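Q: If it helps, the file is called coords_7.cif and holds mmCIF, C-alpha atoms and all ligand atoms:
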data_work
#
loop_
_atom_site.label_atom_id
_atom_site.label_comp_id
_atom_site.auth_asym_id
_atom_site.auth_seq_id
_atom_site.Cartn_x
_atom_site.Cartn_y
_atom_site.Cartn_z
CA MET Z 1 19.72 -32.97 12.74
CA SER Z 2 18.85 -30.53 10.03
CA ARG Z 3 21.18 -27.69 9.18
CA VAL Z 4 19.76 -24.25 9.95
CA HIS Z 5 19.39 -22.27 6.76
CA LEU Z 6 20.01 -18.56 7.28
CA GLN Z 7 19.23 -15.88 4.78
CA ARG Z 8 19.78 -12.14 4.75
CA SER Z 9 16.86 -10.05 3.60
CA GLU Z 10 15.86 -6.45 3.43
CA ALA Z 11 12.23 -5.99 4.43
CA VAL Z 12 9.42 -3.62 5.34
CA VAL Z 13 7.11 -4.62 8.20
CA LEU Z 14 3.58 -4.58 6.75
CA ARG Z 15 1.68 -6.04 9.62
CA ARG Z 16 2.31 -7.56 13.01
CA HIS Z 17 0.41 -9.16 15.81
CA ASP Z 18 1.28 -10.37 19.26
CA TYR Z 19 1.75 -14.07 19.72
CA GLY Z 20 2.19 -16.00 22.94
CA GLU Z 21 3.74 -14.20 25.88
CA ALA Z 22 6.51 -12.22 24.24
CA ASP Z 23 6.57 -13.03 20.53
CA ARG Z 24 5.23 -11.29 17.46
CA ILE Z 25 4.21 -12.62 14.09
CA LEU Z 26 5.17 -10.28 11.28
CA THR Z 27 4.05 -9.92 7.70
CA LEU Z 28 7.11 -8.73 5.83
CA PHE Z 29 7.65 -7.54 2.30
CA THR Z 30 11.20 -8.49 1.40
CA ARG Z 31 13.17 -7.27 -1.56
CA GLU Z 32 14.48 -10.76 -2.34
CA ARG Z 33 11.45 -12.98 -1.85
CA GLY Z 34 8.37 -10.80 -1.79
CA LYS Z 35 5.84 -11.16 1.01
CA LEU Z 36 6.48 -13.64 3.78
CA HIS Z 37 5.54 -14.32 7.37
CA ALA Z 38 8.00 -14.54 10.22
CA ILE Z 39 8.07 -14.86 13.96
CA ALA Z 40 10.17 -12.59 16.16
CA LYS Z 41 10.67 -14.42 19.41
CA GLY Z 42 10.86 -12.54 22.67
CA VAL Z 43 10.53 -9.25 20.85
CA ARG Z 44 8.03 -7.81 23.32
CA ARG Z 45 10.48 -8.15 26.21
CA ILE Z 46 11.99 -4.86 27.28
CA ALA Z 47 15.50 -6.20 26.91
CA SER Z 48 14.96 -7.47 23.35
CA ARG Z 49 17.59 -6.17 20.98
CA LYS Z 50 15.33 -6.74 17.99
CA SER Z 51 12.24 -4.88 19.13
CA GLY Z 52 13.06 -1.33 18.03
CA HIS Z 53 13.95 -2.56 14.54
CA LEU Z 54 10.66 -4.32 13.85
CA GLU Z 55 8.15 -1.52 14.22
CA LEU Z 56 5.44 -1.14 11.57
CA PHE Z 57 6.62 0.36 8.25
CA THR Z 58 10.25 0.13 9.33
CA ARG Z 59 12.70 -0.80 6.61
CA CYS Z 60 15.13 -3.25 8.14
CA ARG Z 61 17.89 -5.68 7.38
CA LEU Z 62 17.09 -9.15 8.72
CA LEU Z 63 18.72 -12.48 9.20
CA LEU Z 64 16.00 -15.08 8.77
CA ALA Z 65 16.12 -18.76 9.63
CA ARG Z 66 13.77 -21.18 7.94
CA GLY Z 67 11.36 -22.51 10.57
CA ARG Z 68 8.84 -25.29 10.28
CA ASN Z 69 5.92 -23.01 9.41
CA LEU Z 70 7.27 -19.50 9.71
CA GLU Z 71 10.59 -17.85 9.13
CA VAL Z 72 12.35 -16.92 12.36
CA VAL Z 73 13.90 -13.46 12.75
CA THR Z 74 17.33 -14.03 14.30
CA GLN Z 75 18.77 -10.53 13.78
CA ALA Z 76 17.22 -7.17 12.88
CA GLU Z 77 18.75 -3.81 12.09
CA THR Z 78 16.94 -0.64 11.02
CA VAL Z 79 17.72 0.82 7.61
CA ASP Z 80 15.07 3.56 7.78
CA ALA Z 81 12.45 4.05 10.49
CA TYR Z 82 10.62 6.78 8.50
CA GLY Z 83 10.36 8.65 11.78
CA PRO Z 84 8.07 11.50 10.62
CA LEU Z 85 5.38 8.94 9.73
CA ARG Z 86 5.00 8.22 13.43
CA GLU Z 87 4.58 11.81 14.53
CA ASP Z 88 1.58 12.76 12.44
CA LEU Z 89 -1.76 10.97 12.51
CA VAL Z 90 -2.60 11.63 8.86
CA ARG Z 91 0.80 10.42 7.62
CA THR Z 92 0.56 7.35 9.85
CA ALA Z 93 -2.86 6.56 8.38
CA TYR Z 94 -1.50 6.82 4.84
CA ALA Z 95 1.42 4.57 5.76
CA TYR Z 96 -1.10 1.98 7.00
CA HIS Z 97 -2.92 2.31 3.69
CA LEU Z 98 0.28 1.65 1.68
CA ALA Z 99 1.21 -1.32 3.87
CA GLU Z 100 -2.27 -2.79 3.74
CA LEU Z 101 -2.59 -2.48 -0.03
CA THR Z 102 0.81 -4.12 -0.46
CA ASP Z 103 -0.36 -6.95 1.77
CA ARG Z 104 -3.71 -7.35 0.01
CA LEU Z 105 -2.53 -7.08 -3.59
CA THR Z 106 0.49 -9.38 -3.41
CA ALA Z 107 0.84 -13.13 -2.96
CA ASP Z 108 3.20 -14.88 -0.55
CA GLU Z 109 6.73 -15.70 -1.72
CA ASN Z 110 6.36 -14.00 -5.07
CA PRO Z 111 9.56 -11.97 -5.52
CA SER Z 112 8.94 -8.45 -6.76
CA PRO Z 113 11.82 -6.03 -6.18
CA GLY Z 114 9.75 -3.41 -8.02
CA VAL Z 115 7.07 -3.52 -5.33
CA PHE Z 116 9.70 -3.28 -2.61
CA ASP Z 117 11.35 -0.31 -4.29
CA LEU Z 118 7.99 1.42 -4.83
CA LEU Z 119 6.92 0.84 -1.23
CA THR Z 120 10.16 2.11 0.30
CA ALA Z 121 10.27 5.11 -2.05
CA MET Z 122 6.69 6.09 -1.23
CA LEU Z 123 7.11 5.60 2.53
CA GLY Z 124 10.04 7.98 2.20
CA ALA Z 125 7.95 10.39 0.11
CA LEU Z 126 5.18 10.30 2.73
CA THR Z 127 7.55 11.58 5.40
CA VAL Z 128 7.95 14.89 3.55
CA ALA Z 129 5.03 15.20 1.12
CA GLU Z 130 2.94 18.35 1.25
CA GLU Z 131 0.09 16.36 -0.23
CA PRO Z 132 0.10 12.81 1.21
CA SER Z 133 -2.96 11.86 -0.86
CA LEU Z 134 -0.93 12.28 -4.05
CA VAL Z 135 1.65 9.81 -2.69
CA ALA Z 136 -1.18 7.37 -2.02
CA ARG Z 137 -2.69 7.73 -5.52
CA TYR Z 138 0.70 7.34 -7.21
CA PHE Z 139 1.41 4.29 -5.07
CA GLU Z 140 -1.98 2.75 -5.92
CA VAL Z 141 -1.67 3.27 -9.65
CA ARG Z 142 1.88 1.90 -9.78
CA LEU Z 143 1.24 -1.00 -7.40
CA LEU Z 144 -1.76 -2.04 -9.51
CA GLY Z 145 0.53 -2.20 -12.52
CA LEU Z 146 3.24 -4.19 -10.73
CA ALA Z 147 0.69 -6.60 -9.25
CA GLY Z 148 -0.83 -7.37 -12.66
CA TYR Z 149 -3.96 -5.19 -12.40
CA ARG Z 150 -2.88 -2.22 -14.50
CA PRO Z 151 -6.00 -0.22 -15.40
CA GLN Z 152 -6.35 0.59 -19.09
CA LEU Z 153 -6.07 4.35 -19.56
CA PHE Z 154 -4.95 4.84 -23.14
CA HIS Z 155 -7.22 2.48 -25.09
CA CYS Z 156 -10.85 1.72 -24.35
CA ALA Z 157 -10.91 -1.25 -21.99
CA LEU Z 158 -13.75 -2.82 -24.00
CA CYS Z 159 -13.30 -1.99 -27.72
CA GLN Z 160 -9.59 -1.03 -27.59
CA GLN Z 161 -9.96 2.17 -29.60
CA LEU Z 162 -7.58 5.00 -28.77
CA LEU Z 163 -9.11 7.30 -26.17
CA ALA Z 164 -9.49 11.06 -26.43
CA GLU Z 165 -8.75 13.03 -23.27
CA GLU Z 166 -12.34 14.07 -22.66
CA GLY Z 167 -15.76 12.43 -22.69
CA ASN Z 168 -14.80 8.99 -21.40
CA ALA Z 169 -16.13 6.86 -18.55
CA PHE Z 170 -14.37 4.55 -16.10
CA SER Z 171 -15.50 1.02 -15.34
CA PRO Z 172 -13.87 -0.88 -12.45
CA SER Z 173 -15.27 -4.20 -13.68
CA GLY Z 174 -14.36 -3.38 -17.29
CA GLY Z 175 -10.71 -2.83 -16.33
CA GLY Z 176 -10.28 0.90 -16.87
CA ALA Z 177 -11.39 3.77 -19.05
CA LEU Z 178 -14.12 3.41 -21.67
CA CYS Z 179 -14.76 5.35 -24.86
CA PRO Z 180 -18.09 7.22 -25.22
CA ASP Z 181 -19.47 4.37 -27.37
CA CYS Z 182 -18.83 1.78 -24.66
CA ALA Z 183 -19.59 3.94 -21.63
CA GLY Z 184 -23.11 2.55 -21.27
CA ARG Z 185 -22.21 -1.13 -21.57
CA PRO Z 186 -21.08 -2.16 -18.06
CA GLY Z 187 -23.41 -1.34 -15.19
CA ASP Z 188 -20.70 0.22 -13.05
CA ALA Z 189 -19.37 2.95 -15.37
CA LEU Z 190 -18.37 6.07 -13.46
CA HIS Z 191 -18.05 9.62 -14.66
CA LEU Z 192 -14.44 10.26 -15.68
CA ASP Z 193 -13.50 13.89 -15.22
CA GLY Z 194 -11.02 15.04 -17.89
CA THR Z 195 -8.52 16.47 -15.40
CA ALA Z 196 -8.64 13.39 -13.19
CA PHE Z 197 -8.13 11.23 -16.31
CA ARG Z 198 -5.04 13.20 -17.37
CA VAL Z 199 -3.63 12.93 -13.85
CA LEU Z 200 -4.21 9.16 -13.76
CA ARG Z 201 -2.35 8.77 -17.05
CA PHE Z 202 0.45 10.94 -15.74
CA LEU Z 203 0.76 8.86 -12.55
CA GLN Z 204 0.79 5.66 -14.56
CA THR Z 205 3.58 6.70 -16.89
CA ARG Z 206 5.79 9.25 -15.15
CA ASP Z 207 8.34 8.99 -12.38
CA TRP Z 208 7.59 10.25 -8.91
CA SER Z 209 10.03 13.12 -9.47
CA ASP Z 210 7.49 14.46 -12.01
CA ALA Z 211 4.29 13.18 -10.43
CA GLY Z 212 5.19 14.49 -6.98
CA ALA Z 213 5.33 18.03 -8.35
CA LEU Z 214 1.63 18.01 -9.33
CA ARG Z 215 -0.64 20.36 -7.42
CA LEU Z 216 -4.26 19.25 -7.50
CA SER Z 217 -7.51 20.90 -6.54
CA PRO Z 218 -9.56 19.29 -3.77
CA ALA Z 219 -12.16 18.34 -6.41
CA THR Z 220 -9.56 16.48 -8.49
CA ARG Z 221 -8.12 14.80 -5.41
CA GLY Z 222 -11.60 13.62 -4.49
CA ALA Z 223 -12.31 12.36 -8.01
CA LEU Z 224 -9.02 10.43 -8.10
CA GLU Z 225 -9.66 8.84 -4.74
CA ARG Z 226 -13.12 7.69 -5.85
CA LEU Z 227 -11.78 6.20 -9.09
CA THR Z 228 -8.83 4.28 -7.64
CA GLY Z 229 -10.91 3.30 -4.62
CA ALA Z 230 -13.66 1.83 -6.80
CA TYR Z 231 -11.12 0.01 -8.94
CA ILE Z 232 -9.25 -1.48 -5.99
CA GLU Z 233 -12.48 -2.36 -4.25
CA GLN Z 234 -13.59 -4.23 -7.32
CA ILE Z 235 -10.31 -6.16 -7.37
CA LEU Z 236 -10.46 -7.05 -3.73
CA GLU Z 237 -14.20 -7.78 -4.05
CA ARG Z 238 -14.70 -6.24 -0.68
CA ASP Z 239 -15.93 -2.97 0.62
CA LEU Z 240 -13.00 -0.59 0.74
CA SER Z 241 -14.50 1.05 3.80
CA SER Z 242 -13.61 -2.06 5.74
CA MET Z 243 -9.96 -1.66 4.83
CA GLY Z 244 -9.93 2.01 4.14
CA PHE Z 245 -9.14 5.27 5.68
CA LEU Z 246 -11.31 5.05 8.79
CA ARG Z 247 -9.72 1.80 9.82
CA SER Z 248 -6.26 3.16 9.07
CA LEU Z 249 -7.03 6.22 11.14
CA ARG Z 250 -8.17 4.12 14.08
CA SER Z 251 -5.06 1.94 13.91
CA ALA Z 252 -2.89 5.01 13.60
CA ALA Z 253 -4.56 6.62 16.61
CA ALA Z 254 -4.01 3.46 18.63
CA SER Z 255 -0.34 3.21 17.64
CA LEU Z 256 0.25 6.83 18.60
CA GLY Z 257 -1.54 6.30 21.92
CA LEU Z 258 -4.32 8.74 21.04
CA ALA Z 259 -7.98 8.21 21.80
CA ALA Z 260 -9.20 6.10 18.92
CA ALA Z 261 -12.40 6.78 17.06
CA PRO Z 262 -15.28 4.43 17.94
CA ASP Z 263 -14.58 0.96 16.66
CA THR Z 264 -17.94 0.53 15.01
CA ALA Z 265 -18.82 3.18 12.51
CA PRO Z 266 -22.45 3.19 11.32
CA ALA Z 267 -22.69 0.96 8.29
CA ASP Z 268 -23.97 3.71 6.04
CA ARG Z 269 -21.30 6.18 6.96
CA PRO Z 270 -19.32 7.13 3.86
CA VAL Z 271 -15.61 6.50 3.68
CA ALA Z 272 -13.81 9.56 5.01
CA ALA Z 273 -13.20 12.20 2.41
CA GLU Z 274 -9.78 13.53 1.61
CA PRO Z 275 -7.97 14.50 4.82
CA ALA Z 276 -7.02 18.12 5.18
ZN ZN Z 301 -14.92 1.44 -26.49
#
Render the structure in this file as C-alpha cells.

A:
Amino acid sequence: MSRVHLQRSEAVVLRRHDYGEADRILTLFTRERGKLHAIAKGVRRIASRKSGHLELFTRCRLLLARGRNLEVVTQAETVDAYGPLREDLVRTAYAYHLAELTDRLTADENPSPGVFDLLTAMLGALTVAEEPSLVARYFEVRLLGLAGYRPQLFHCALCQQLLAEEGNAFSPSGGGALCPDCAGRPGDALHLDGTAFRVLRFLQTRDWSDAGALRLSPATRGALERLTGAYIEQILERDLSSMGFLRSLRSAAASLGLAAAPDTAPADRPVAAEPA
C-alpha cells in the first residue's frame, strides 16, 4: 500500500468544471508549485465543507493529496474571497481575464511565486480600483515579463538601438517597440502613440503603488488595450476575441445569475471596447 503524500499549498482557483455527480475539477495556481489540476470530491453537495472555499478567484489554503492523475483536495480554507469581485459584472469580467491569462500563459507544475504574488495582488487591486482596465494592463505587462514574453520597450526589438519616446511603432511578431528605421520591416507594425508608449514603459518598470495612481484618457486606455491585446494574441496564436472580454462578460453574467449575452456573437463583431 502506498503512503498518501499530503502537501499544504496556497492557491488561487483559475478555472473549474463539474465532474461526475458531485465533484469538480479545478485548475489552481499555487504559490509553491505553479499551475496544477486537482479534483475536489463531493464539493457540489450542499453539506460539503470545502465548497465555499473553492469558488473561482478565491485565494485559499489547501491540503492536497497526490492522486493517480490529479491532486485531490482534502481540506480547503479561504484566505481571501475578494468579495467585491462577485458583486459587480465588470469587475467579475476582469477577474476572469486575469485568471484566464494566468492559465494560458503558464505551464503546469512550473513554480513561479512571482506570478502568484502578482495575481493575488491584482485580484485585490481589482476589488477597489476606480479604473479596472489599468489593473488589467498592469497585470498583462507584468505577467508577460514573468512568463518569459517581456515586450521590448526601451531598445528597438529589431536593431536594438535606444528608442526615443516618440515616433516609434509596435510589432507583436517583432517582440515589442520598433525604431522609425525598422517600423516598416514587419508586416504587423502598429501605430505607437507616444503617451501609450510612456505608460507601457511605466507599467513595465514601476510598482503598482505608482502605476495604480495613473489617470488615463479613454483614448490612451483604448490604445493600450489594442497594443497588449495584439501582443498577447500573437503569443497565444489565437484570436483574442475567443478568450477576451465578451467571453469573460458572458461567464461573469452566468456566475452572477444574470441573463447572459447570446452565446454566439457574429464573427465580425469587434472585441468589446473599454468598459465604462
Ligand atoms: Zn530598429

Q: Which protein, DNA or RNA residues are at most 12 Å from (-4.8, 14.9, -25.7) in the file's coordinates when you count only C-alpha atoms, listed as a PyMOL selection string?

A: chain Z and resi 154+162-167+194-195+197-198+201-202

Q: Near region 49-60 of chain Z, counting all atoms listed in the file, which residues have an atom at most 7 Å away, once you skip same-chain residues fewer than 3 positions from it, shown as number ranges by chain?

A: Z: 10-15, 43-44, 75-82

Q: If you count only C-alpha atoms and all ligand atoms, which residues end up within 7 Å of ligand ZN 301 (chain Z), as a PyMOL selection string?

A: chain Z and resi 156-161+178-182

Q: Report, in Å to a single decimal, how far apart CA of Ser48 (chain Z) and CA of Thr102 (chain Z) are.

A: 27.9 Å

Q: Which residue is closest to Ser173 (chain Z)? Choose from Z:Asp88, Z:Asp188, Z:Asp108, Z:Glu21 and count only C-alpha atoms.

A: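 Among Z:Asp88, Z:Asp188, Z:Asp108, Z:Glu21, it is Z:Asp188 that comes nearest to Ser173 (chain Z).
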
Q: Which polymer residues have any atom within 7 Å of an atom of region 120-126 of chain Z, counting all atoms listed in the file, with same-chain residues fewer than 3 positions away left out, as a PDB file with C-alpha atoms, in the frame of the given file?

A:
ATOM      1  CA  TYR Z  82      10.620   6.780   8.500  1.00  0.00           C
ATOM      2  CA  ARG Z  91       0.800  10.420   7.620  1.00  0.00           C
ATOM      3  CA  ALA Z  95       1.420   4.570   5.760  1.00  0.00           C
ATOM      4  CA  PHE Z 116       9.700  -3.280  -2.610  1.00  0.00           C
ATOM      5  CA  ASP Z 117      11.350  -0.310  -4.290  1.00  0.00           C
ATOM      6  CA  ALA Z 129       5.030  15.200   1.120  1.00  0.00           C
ATOM      7  CA  PRO Z 132       0.100  12.810   1.210  1.00  0.00           C
ATOM      8  CA  VAL Z 135       1.650   9.810  -2.690  1.00  0.00           C
ATOM      9  CA  PHE Z 139       1.410   4.290  -5.070  1.00  0.00           C
TER      10      PHE Z 139
END

Q: Near region 203-219 of chain Z, counting only C-alpha atoms, which residues have an atom at most 7 Å away, once you skip same-chain residues fewer than 4 positions from it, shown as a count of residues only?

A: 5

Q: Pull out region 217-234 of chain Z, keep N, CA and C atoms, and write it as a short mmCIF file (atom, residue, chain, number, x, y, z; two decimals), in the first residue's frame.

A:
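Saved as decode_33.cif:
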data_model
loop_
_atom_site.label_atom_id
_atom_site.label_comp_id
_atom_site.auth_asym_id
_atom_site.auth_seq_id
_atom_site.Cartn_x
_atom_site.Cartn_y
_atom_site.Cartn_z
N SER Z 217 -6.65 58.89 -20.19
CA SER Z 217 -7.80 59.27 -21.01
C SER Z 217 -8.38 58.01 -21.66
N PRO Z 218 -9.66 58.07 -22.04
CA PRO Z 218 -10.24 56.91 -22.74
C PRO Z 218 -9.44 56.55 -24.00
N ALA Z 219 -8.90 57.55 -24.69
CA ALA Z 219 -8.12 57.25 -25.91
C ALA Z 219 -6.87 56.44 -25.57
N THR Z 220 -6.19 56.84 -24.50
CA THR Z 220 -4.98 56.11 -24.10
C THR Z 220 -5.33 54.70 -23.61
N ARG Z 221 -6.42 54.60 -22.86
CA ARG Z 221 -6.84 53.26 -22.41
C ARG Z 221 -7.11 52.36 -23.60
N GLY Z 222 -7.78 52.91 -24.61
CA GLY Z 222 -8.09 52.13 -25.80
C GLY Z 222 -6.82 51.71 -26.54
N ALA Z 223 -5.87 52.66 -26.66
CA ALA Z 223 -4.62 52.36 -27.36
C ALA Z 223 -3.85 51.26 -26.63
N LEU Z 224 -3.81 51.35 -25.30
CA LEU Z 224 -3.09 50.33 -24.51
C LEU Z 224 -3.73 48.96 -24.67
N GLU Z 225 -5.04 48.94 -24.65
CA GLU Z 225 -5.73 47.65 -24.77
C GLU Z 225 -5.46 47.01 -26.13
N ARG Z 226 -5.43 47.85 -27.17
CA ARG Z 226 -5.14 47.31 -28.51
C ARG Z 226 -3.72 46.76 -28.60
N LEU Z 227 -2.77 47.47 -28.00
CA LEU Z 227 -1.36 47.04 -28.08
C LEU Z 227 -1.12 45.74 -27.31
N THR Z 228 -1.55 45.71 -26.04
CA THR Z 228 -1.31 44.47 -25.27
C THR Z 228 -2.15 43.33 -25.83
N GLY Z 229 -3.35 43.66 -26.30
CA GLY Z 229 -4.20 42.61 -26.88
C GLY Z 229 -3.55 41.97 -28.09
N ALA Z 230 -3.00 42.82 -28.98
CA ALA Z 230 -2.36 42.30 -30.20
C ALA Z 230 -1.12 41.48 -29.84
N TYR Z 231 -0.40 41.94 -28.84
CA TYR Z 231 0.82 41.23 -28.44
C TYR Z 231 0.49 39.86 -27.85
N ILE Z 232 -0.50 39.84 -26.96
CA ILE Z 232 -0.89 38.57 -26.32
C ILE Z 232 -1.51 37.62 -27.35
N GLU Z 233 -2.30 38.20 -28.22
CA GLU Z 233 -2.93 37.38 -29.27
C GLU Z 233 -1.86 36.71 -30.12
N GLN Z 234 -0.83 37.47 -30.42
CA GLN Z 234 0.25 36.91 -31.23
C GLN Z 234 0.93 35.76 -30.49
#
